[in-house]
Structure formats: C-alpha cells, structure tokens
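Enquirer: What follows is start_13.tsv, TSV, C-alpha atoms.
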```
chain	number	residue	atom	x	y	z
A	524	MET	CA	-17.24	-84.07	-127.74
A	525	ALA	CA	-19.92	-81.62	-128.91
A	526	ASN	CA	-23.43	-82.04	-127.49
A	527	SER	CA	-25.68	-83.14	-130.36
A	528	GLY	CA	-28.67	-81.55	-128.64
A	529	ALA	CA	-27.03	-78.11	-128.36
A	530	PRO	CA	-28.58	-75.24	-130.37
A	531	TYR	CA	-26.82	-74.20	-133.58
A	532	LEU	CA	-25.92	-70.76	-134.87
A	533	TYR	CA	-25.51	-70.55	-138.64
A	534	ILE	CA	-23.60	-67.45	-139.65
A	535	ARG	CA	-22.54	-65.90	-142.94
A	536	LEU	CA	-20.31	-62.82	-142.88
A	537	ARG	CA	-20.87	-60.00	-145.33
A	538	ARG	CA	-17.92	-59.23	-147.61
A	539	LYS	CA	-18.14	-55.56	-146.70
A	540	ALA	CA	-20.07	-53.49	-144.18
A	541	SER	CA	-20.15	-49.92	-142.93
A	542	VAL	CA	-21.08	-48.14	-139.71
A	543	ARG	CA	-21.23	-44.50	-138.72
A	544	LYS	CA	-18.28	-43.12	-136.80
A	545	GLY	CA	-18.89	-43.32	-133.06
A	546	SER	CA	-21.28	-46.28	-133.34
A	547	VAL	CA	-20.60	-49.74	-131.98
A	548	VAL	CA	-20.43	-52.68	-134.38
A	549	GLN	CA	-23.17	-55.21	-133.69
A	550	LEU	CA	-23.39	-58.68	-135.20
A	551	ARG	CA	-26.34	-57.64	-137.38
A	552	HIS	CA	-24.17	-55.01	-139.05
A	553	ILE	CA	-21.65	-57.52	-140.37
A	554	ALA	CA	-23.40	-60.88	-140.66
A	555	GLN	CA	-26.55	-62.79	-141.48
A	556	ILE	CA	-27.55	-65.39	-138.91
A	557	ILE	CA	-29.99	-68.26	-138.52
A	558	VAL	CA	-30.60	-69.35	-134.94
A	559	GLU	CA	-33.44	-70.33	-132.67
A	560	PRO	CA	-35.82	-67.41	-131.95
A	561	ASP	CA	-34.84	-67.32	-128.26
A	562	TYR	CA	-31.31	-66.24	-129.25
A	563	GLU	CA	-31.93	-64.21	-132.39
A	564	THR	CA	-32.58	-60.71	-131.01
A	565	ALA	CA	-29.78	-60.85	-128.45
A	566	LEU	CA	-27.27	-62.18	-130.99
A	567	ASN	CA	-28.18	-59.55	-133.57
A	568	GLU	CA	-27.51	-56.86	-130.96
A	569	LEU	CA	-24.31	-58.48	-129.68
A	570	ILE	CA	-21.48	-55.92	-129.70
A	571	ILE	CA	-18.52	-57.27	-131.67
A	572	HIS	CA	-16.26	-54.23	-131.87
A	573	LYS	CA	-16.04	-50.66	-130.62
A	574	PRO	CA	-14.09	-48.59	-133.19
A	575	GLN	CA	-11.18	-46.66	-131.72
A	576	GLN	CA	-9.49	-43.55	-133.05
A	577	GLU	CA	-6.42	-45.54	-134.06
A	578	ASP	CA	-8.53	-47.89	-136.20
A	579	GLY	CA	-8.83	-45.30	-138.96
A	580	ASN	CA	-11.68	-45.66	-141.42
A	581	ARG	CA	-11.26	-49.40	-142.16
A	582	VAL	CA	-11.23	-52.33	-139.76
A	583	LEU	CA	-10.91	-56.04	-140.49
A	584	ILE	CA	-13.13	-58.21	-138.29
A	585	ASP	CA	-12.07	-61.84	-138.31
A	586	MET	CA	-14.41	-64.78	-137.77
A	587	MET	CA	-12.36	-65.89	-134.77
A	588	LEU	CA	-13.23	-62.64	-132.98
A	589	ILE	CA	-16.92	-63.24	-133.61
A	590	VAL	CA	-16.74	-66.83	-132.38
A	591	ARG	CA	-15.00	-65.66	-129.21
A	592	LYS	CA	-17.63	-62.96	-128.55
A	593	VAL	CA	-20.53	-65.36	-129.14
A	594	LYS	CA	-19.00	-68.09	-126.98
A	595	GLU	CA	-18.38	-65.65	-124.12
A	596	ARG	CA	-22.10	-64.96	-123.96
A	597	TYR	CA	-23.59	-68.25	-125.14
A	598	PRO	CA	-21.06	-71.07	-124.61
A	599	GLU	CA	-23.69	-73.69	-125.35
A	600	LEU	CA	-24.13	-72.59	-128.98
A	601	GLN	CA	-22.59	-74.68	-131.76
A	602	ILE	CA	-21.40	-72.32	-134.53
A	603	GLU	CA	-21.48	-73.21	-138.21
A	604	HIS	CA	-19.82	-70.66	-140.46
A	605	PHE	CA	-20.34	-70.21	-144.21
A	606	GLY	CA	-18.65	-67.94	-146.74
A	607	GLU	CA	-15.95	-65.35	-146.09
A	608	PRO	CA	-13.72	-65.76	-142.99
A	609	HIS	CA	-13.64	-62.00	-142.43
A	610	VAL	CA	-15.53	-58.79	-143.11
A	611	LEU	CA	-14.02	-55.46	-144.07
A	612	LEU	CA	-15.71	-52.74	-142.06
A	613	GLU	CA	-15.75	-49.13	-143.25
A	614	ILE	CA	-16.26	-46.41	-140.67
A	615	PHE	CA	-17.81	-43.33	-142.24
A	616	SER	CA	-18.72	-39.88	-141.01
A	617	ASP	CA	-21.22	-37.36	-142.33
A	618	ASN	CA	-19.48	-35.40	-145.06
A	619	LYS	CA	-20.34	-31.86	-146.00
A	620	LYS	CA	-22.25	-31.42	-149.22
A	621	ALA	CA	-19.97	-30.71	-152.17
A	622	SER	CA	-19.84	-27.09	-153.26
A	623	PRO	CA	-21.43	-26.38	-156.69
A	624	VAL	CA	-18.50	-24.07	-157.44
A	625	LEU	CA	-16.01	-26.89	-156.76
A	626	ILE	CA	-18.03	-29.30	-158.89
A	627	GLY	CA	-18.09	-26.73	-161.69
A	628	LEU	CA	-14.32	-26.20	-161.51
A	629	VAL	CA	-13.64	-29.96	-161.60
A	630	TRP	CA	-16.04	-30.38	-164.54
A	631	LEU	CA	-14.34	-27.52	-166.41
A	632	LEU	CA	-10.88	-28.98	-165.74
A	633	LEU	CA	-11.96	-32.41	-167.02
A	634	PHE	CA	-13.69	-30.89	-170.05
A	635	ILE	CA	-10.60	-28.89	-171.07
A	636	GLY	CA	-8.27	-31.82	-170.38
A	637	SER	CA	-10.30	-34.33	-172.39
A	638	GLY	CA	-10.72	-31.79	-175.24
A	639	LEU	CA	-6.97	-31.21	-175.40
A	640	ALA	CA	-6.34	-34.98	-175.37
A	641	ILE	CA	-8.69	-35.49	-178.35
A	642	MET	CA	-7.17	-32.58	-180.27
A	643	ASN	CA	-3.63	-33.78	-179.62
A	644	PHE	CA	-4.58	-37.26	-180.82
A	645	HIS	CA	-6.06	-35.83	-184.02
A	646	ALA	CA	-2.97	-33.75	-184.59
A	647	ASP	CA	-0.72	-36.81	-184.12
A	648	VAL	CA	-2.63	-38.89	-186.69
A	649	SER	CA	-3.17	-35.94	-189.09
A	650	MET	CA	-6.96	-36.33	-188.99
A	651	LEU	CA	-7.57	-33.11	-190.98
A	652	GLU	CA	-5.43	-34.35	-193.87
A	653	VAL	CA	-7.24	-37.70	-193.75
A	654	HIS	CA	-10.64	-36.01	-194.03
A	655	GLN	CA	-9.40	-33.80	-196.85
A	656	ARG	CA	-8.07	-36.81	-198.73
A	657	ILE	CA	-11.28	-38.83	-198.23
A	658	TYR	CA	-13.37	-35.88	-199.44
A	659	GLU	CA	-11.12	-35.48	-202.47
A	660	LEU	CA	-11.45	-39.19	-203.33
A	661	MET	CA	-15.24	-39.06	-202.99
A	662	THR	CA	-15.93	-35.79	-204.86
A	663	GLY	CA	-12.82	-35.12	-206.91
A	664	LYS	CA	-12.52	-31.70	-205.25
A	665	LYS	CA	-9.98	-30.56	-202.71
A	666	VAL	CA	-11.29	-28.32	-199.91
A	667	GLU	CA	-9.65	-26.97	-196.77
A	668	HIS	CA	-12.55	-27.84	-194.41
A	669	PRO	CA	-14.61	-30.87	-195.51
A	670	LEU	CA	-17.47	-30.12	-193.10
A	671	ILE	CA	-19.64	-32.88	-194.54
A	672	LEU	CA	-17.18	-35.32	-192.93
A	673	GLN	CA	-16.02	-33.30	-189.95
A	674	ILE	CA	-19.45	-32.51	-188.48
A	675	PRO	CA	-20.76	-36.13	-188.43
A	676	TYR	CA	-17.38	-37.30	-187.18
A	677	SER	CA	-17.46	-34.81	-184.28
A	678	LEU	CA	-21.02	-35.79	-183.34
A	679	GLY	CA	-20.06	-39.45	-183.62
A	680	ILE	CA	-17.30	-39.03	-181.05
A	681	GLY	CA	-19.81	-37.77	-178.48
A	682	VAL	CA	-22.41	-40.44	-179.29
A	683	GLY	CA	-19.73	-43.13	-179.24
A	684	MET	CA	-18.53	-42.06	-175.79
A	685	VAL	CA	-22.09	-42.10	-174.44
A	686	ILE	CA	-22.68	-45.62	-175.81
A	687	PHE	CA	-19.26	-46.85	-174.67
A	688	PHE	CA	-19.72	-45.67	-171.09
A	689	ASN	CA	-23.42	-46.64	-171.08
A	690	HIS	CA	-24.39	-43.38	-169.36
A	691	LEU	CA	-26.16	-40.16	-170.24
A	692	PHE	CA	-25.95	-38.06	-167.10
A	693	LYS	CA	-27.55	-40.43	-164.51
A	694	LYS	CA	-29.45	-42.56	-167.03
A	695	LYS	CA	-28.17	-45.99	-168.04
A	696	PHE	CA	-29.29	-47.62	-171.28
A	697	ASN	CA	-29.06	-51.18	-169.96
A	698	GLU	CA	-27.93	-53.16	-166.89
A	699	GLU	CA	-24.55	-54.06	-168.37
A	700	PRO	CA	-21.73	-52.38	-166.40
A	701	SER	CA	-19.73	-49.80	-168.27
A	702	PRO	CA	-15.93	-50.12	-168.69
A	703	LEU	CA	-15.50	-47.30	-166.17
A	704	GLU	CA	-17.65	-49.12	-163.60
A	705	VAL	CA	-15.67	-52.33	-164.14
A	706	GLU	CA	-12.39	-50.46	-163.66
A	707	MET	CA	-13.69	-48.77	-160.51
A	708	PHE	CA	-14.85	-52.15	-159.20
A	709	MET	CA	-11.45	-53.72	-159.85
A	710	TYR	CA	-9.74	-50.74	-158.23
A	711	GLN	CA	-11.93	-51.09	-155.11
A	712	GLU	CA	-11.32	-54.86	-155.00
A	713	ASN	CA	-7.56	-54.27	-155.11
A	714	ILE	CA	-7.82	-51.74	-152.29
A	715	ASN	CA	-9.89	-54.16	-150.20
A	716	HIS	CA	-7.39	-56.97	-150.83
A	717	TYR	CA	-4.51	-54.72	-149.82
A	718	VAL	CA	-6.27	-53.56	-146.64
A	719	ILE	CA	-7.17	-57.14	-145.67
A	720	THR	CA	-3.58	-58.29	-146.19
A	721	GLU	CA	-2.23	-55.38	-144.13
A	722	GLU	CA	-4.73	-56.00	-141.32
A	723	TYR	CA	-3.86	-59.69	-141.15
A	724	MET	CA	-0.19	-58.76	-140.93
A	725	LYS	CA	-0.97	-56.44	-138.01
A	726	ILE	CA	-2.97	-59.17	-136.26
A	727	HIS	CA	-0.09	-61.62	-136.77
A	728	GLU	CA	2.47	-59.10	-135.44
A	729	GLU	CA	0.29	-58.34	-132.41
A	730	GLY	CA	-0.07	-62.06	-131.72
A	731	GLU	CA	3.71	-62.56	-131.90
A	732	SER	CA	4.37	-59.60	-129.59
A	733	LYS	CA	1.89	-60.93	-127.00
A	734	GLY	CA	3.39	-64.41	-127.32
```
Take the structure I supplied and represent it as structure tokens, if you would.
Expert:
Amino acid sequence: MANSGAPYLYIRLRRKASVRKGSVVQLRHIAQIIVEPDYETALNELIIHKPQQEDGNRVLIDMMLIVRKVKERYPELQIEHFGEPHVLLEIFSDNKKASPVLIGLVWLLLFIGSGLAIMNFHADVSMLEVHQRIYELMTGKKVEHPLILQIPYSLGIGVGMVIFFNHLFKKKFNEEPSPLEVEMFMYQENINHYVITEEYMKIHEEGESKG
C-alpha cells in the first residue's frame, strides 16, 4: 500500500522534443514536472536516455522508462502522470547553411514548373477562346488578344495565390494557418504516428526476444 505521506512527482510529457546529437537526454528536455523543491533540480537533470548511433534521428521514449529511471534514484516518490504516454525525440545535428546557388536553382525549377502547369491548364480549358468570346459579347468586336481581360486576369492569379496561401515572402496577413501549413502539419503528424507505431513494435519485439 502506498505511503500517503510520501512526496509526489507530477509529470507531463511533451508531445515532441529535440536534442543535439551527442547530448544526453535529461528529464527537463522531454517533460514538465511539479515536485517538492528538494527534488526539482536533481530530477530535471536526471539522465533518461543516451542516444546511440543505431537510434537514428528519432527515438521514442515511453513513460515506463521514465518511471523506472525515477524510481531507481528516488524510490520514495509517488508518480502521477498526465497527458501523452510517450514523447517522440528528434536528434538533430548542425547542418551547413544552404547554398544561395542551390536555393536559386530550386526556385527557378519551381517557377518554371508552376508556370508550365498554369499554361497547360489554360490550354486544356481553352482560356484564350473564352476571353475572346467574353470580349466579343461585351464590346461586339472580335480581337485576337483581349488585353483588357487578360492583364487583370493574370494579375488576379498572383494576388489570389498570395491571399490563398496567406504569405507574401515571410509576411503573414493574419494568424490563420494557410492550406500549405495545414497540409505540412498533417504530413508531419502522419510521420510521427508512423514512427511511434514502428518504435512500439520494436519495443514489443525486443521484449518478446528477452522473454
């Protein structure tokens, strides 16, 4: 039966955390804790995991590992856990700064590709003929290049893309996430879910092999 007078550790794991390659993972890196002041500094600096080469750049740290580490050092603590049962740890290294030439080449490739996509779309829907017909209906004259429609339409495409993606270079017009940001978030969430599932499978297989 648990001792009612024993000190309590309240712990909430972060959903995601990151440490530099070669560093040890301390409890403060992956969790928020509330505990009596006598324990706080030591627990924050408690080493939970030492990344190995075979870990790669992502490691799943389960709550059971943390409980075991805490209990090894402070068996008298009563642990109350809130939130996620695990934290996905990313191990990063200092990357070299991207080359301006490479950035320029990627930008040029994307610019040409998006331009070709827009032109191919306009060719598929016969946009030129549509503009010519609209101009003819409005003025009664038939012209080959109805610039009075084509120029505003071309400018409108650019303005519409800026508004749609809620970005002009690094400036955002409001706090609402853009469709691209939402898609990137969903993509990252799917990756995290996949990694967590794979890591749990590895833990389960390791447990079976030891058993």
Enquirer: In terms of the shortest atom-to-atom distance over all atoms listed in the file, which of A:Leu600, A:Val685, A:Ala540, A:Ile584 is closest to Tyr562 in chain A?
Expert: A:Leu600
Enquirer: Using only C-alpha atoms, find the one residue out of A:Leu691, A:Val582, A:Ile571, A:Ile641 that sits nearest to Glu721 in chain A.
Expert: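 Comparing A:Leu691, A:Val582, A:Ile571, A:Ile641 against Glu721 in chain A, the winner is A:Val582.
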Enquirer: Using all atoms listed in the file, give me every residue within 12 Å of (-19.1, -58.6, -142.5) in file coordinates, as a PyMOL selection string.
Expert: chain A and resi 534-542+548-556+571-572+582-586+588-589+605-613
Enquirer: At a cut-off of 10 Å, using all atoms listed in the file, what residues contact range 666-676 of chain A? Leave out same-chain residues fewer than 2 positions from it and give the result as a PyMOL selection string.
Expert: chain A and resi 650-652+654-659+663-664+678-682
Enquirer: From the options A:Ile686, A:Tyr597, A:His716, A:Val648, which residue's atoms come nearest to Pro702 in chain A, counting only C-alpha atoms?
Expert: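 Ranked by minimum distance to Pro702 in chain A, first place goes to A:Ile686.
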Enquirer: In Å to one decimal, how far is CA of Gly545 in chain A from CA of Asn580 in chain A?
Expert: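 Straight-line distance from CA of Asn580 in chain A to CA of Gly545 in chain A works out to 11.3 Å.
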Enquirer: For the atom pair CA of Gly638 in chain A and CA of Pro700 in chain A, what is the interatomic distance in Å to one decimal place?
Expert: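 Calculated distance between CA of Gly638 in chain A and CA of Pro700 in chain A is 25.0 Å.
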Enquirer: When you draw a straight line from CA of Val705 in chain A to CA of Met724 in chain A, how long is it in Å?
Expert: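 If I compute the distance from CA of Val705 in chain A to CA of Met724 in chain A, I get 28.6 Å.
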Enquirer: Looking at A:Asn567, A:Thr662, A:Ser546, A:Ser701, which one is nearest to Val593 in chain A, with distances taken over only C-alpha atoms?
Expert: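 Once distances to Val593 in chain A are computed over only C-alpha atoms, the minimum belongs to A:Asn567.
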Enquirer: Which one of A:Ala565, A:Lys592, A:Val624, A:Tyr533 sits closest to His604 in chain A if you count only C-alpha atoms?
Expert: A:Tyr533
Enquirer: Looking at A:Gly627, A:Pro598, A:Gly683, A:Gly579, which one is nearest to Tyr531 in chain A, with distances taken over all atoms listed in the file?
Expert: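 Comparing A:Gly627, A:Pro598, A:Gly683, A:Gly579 against Tyr531 in chain A, the winner is A:Pro598.
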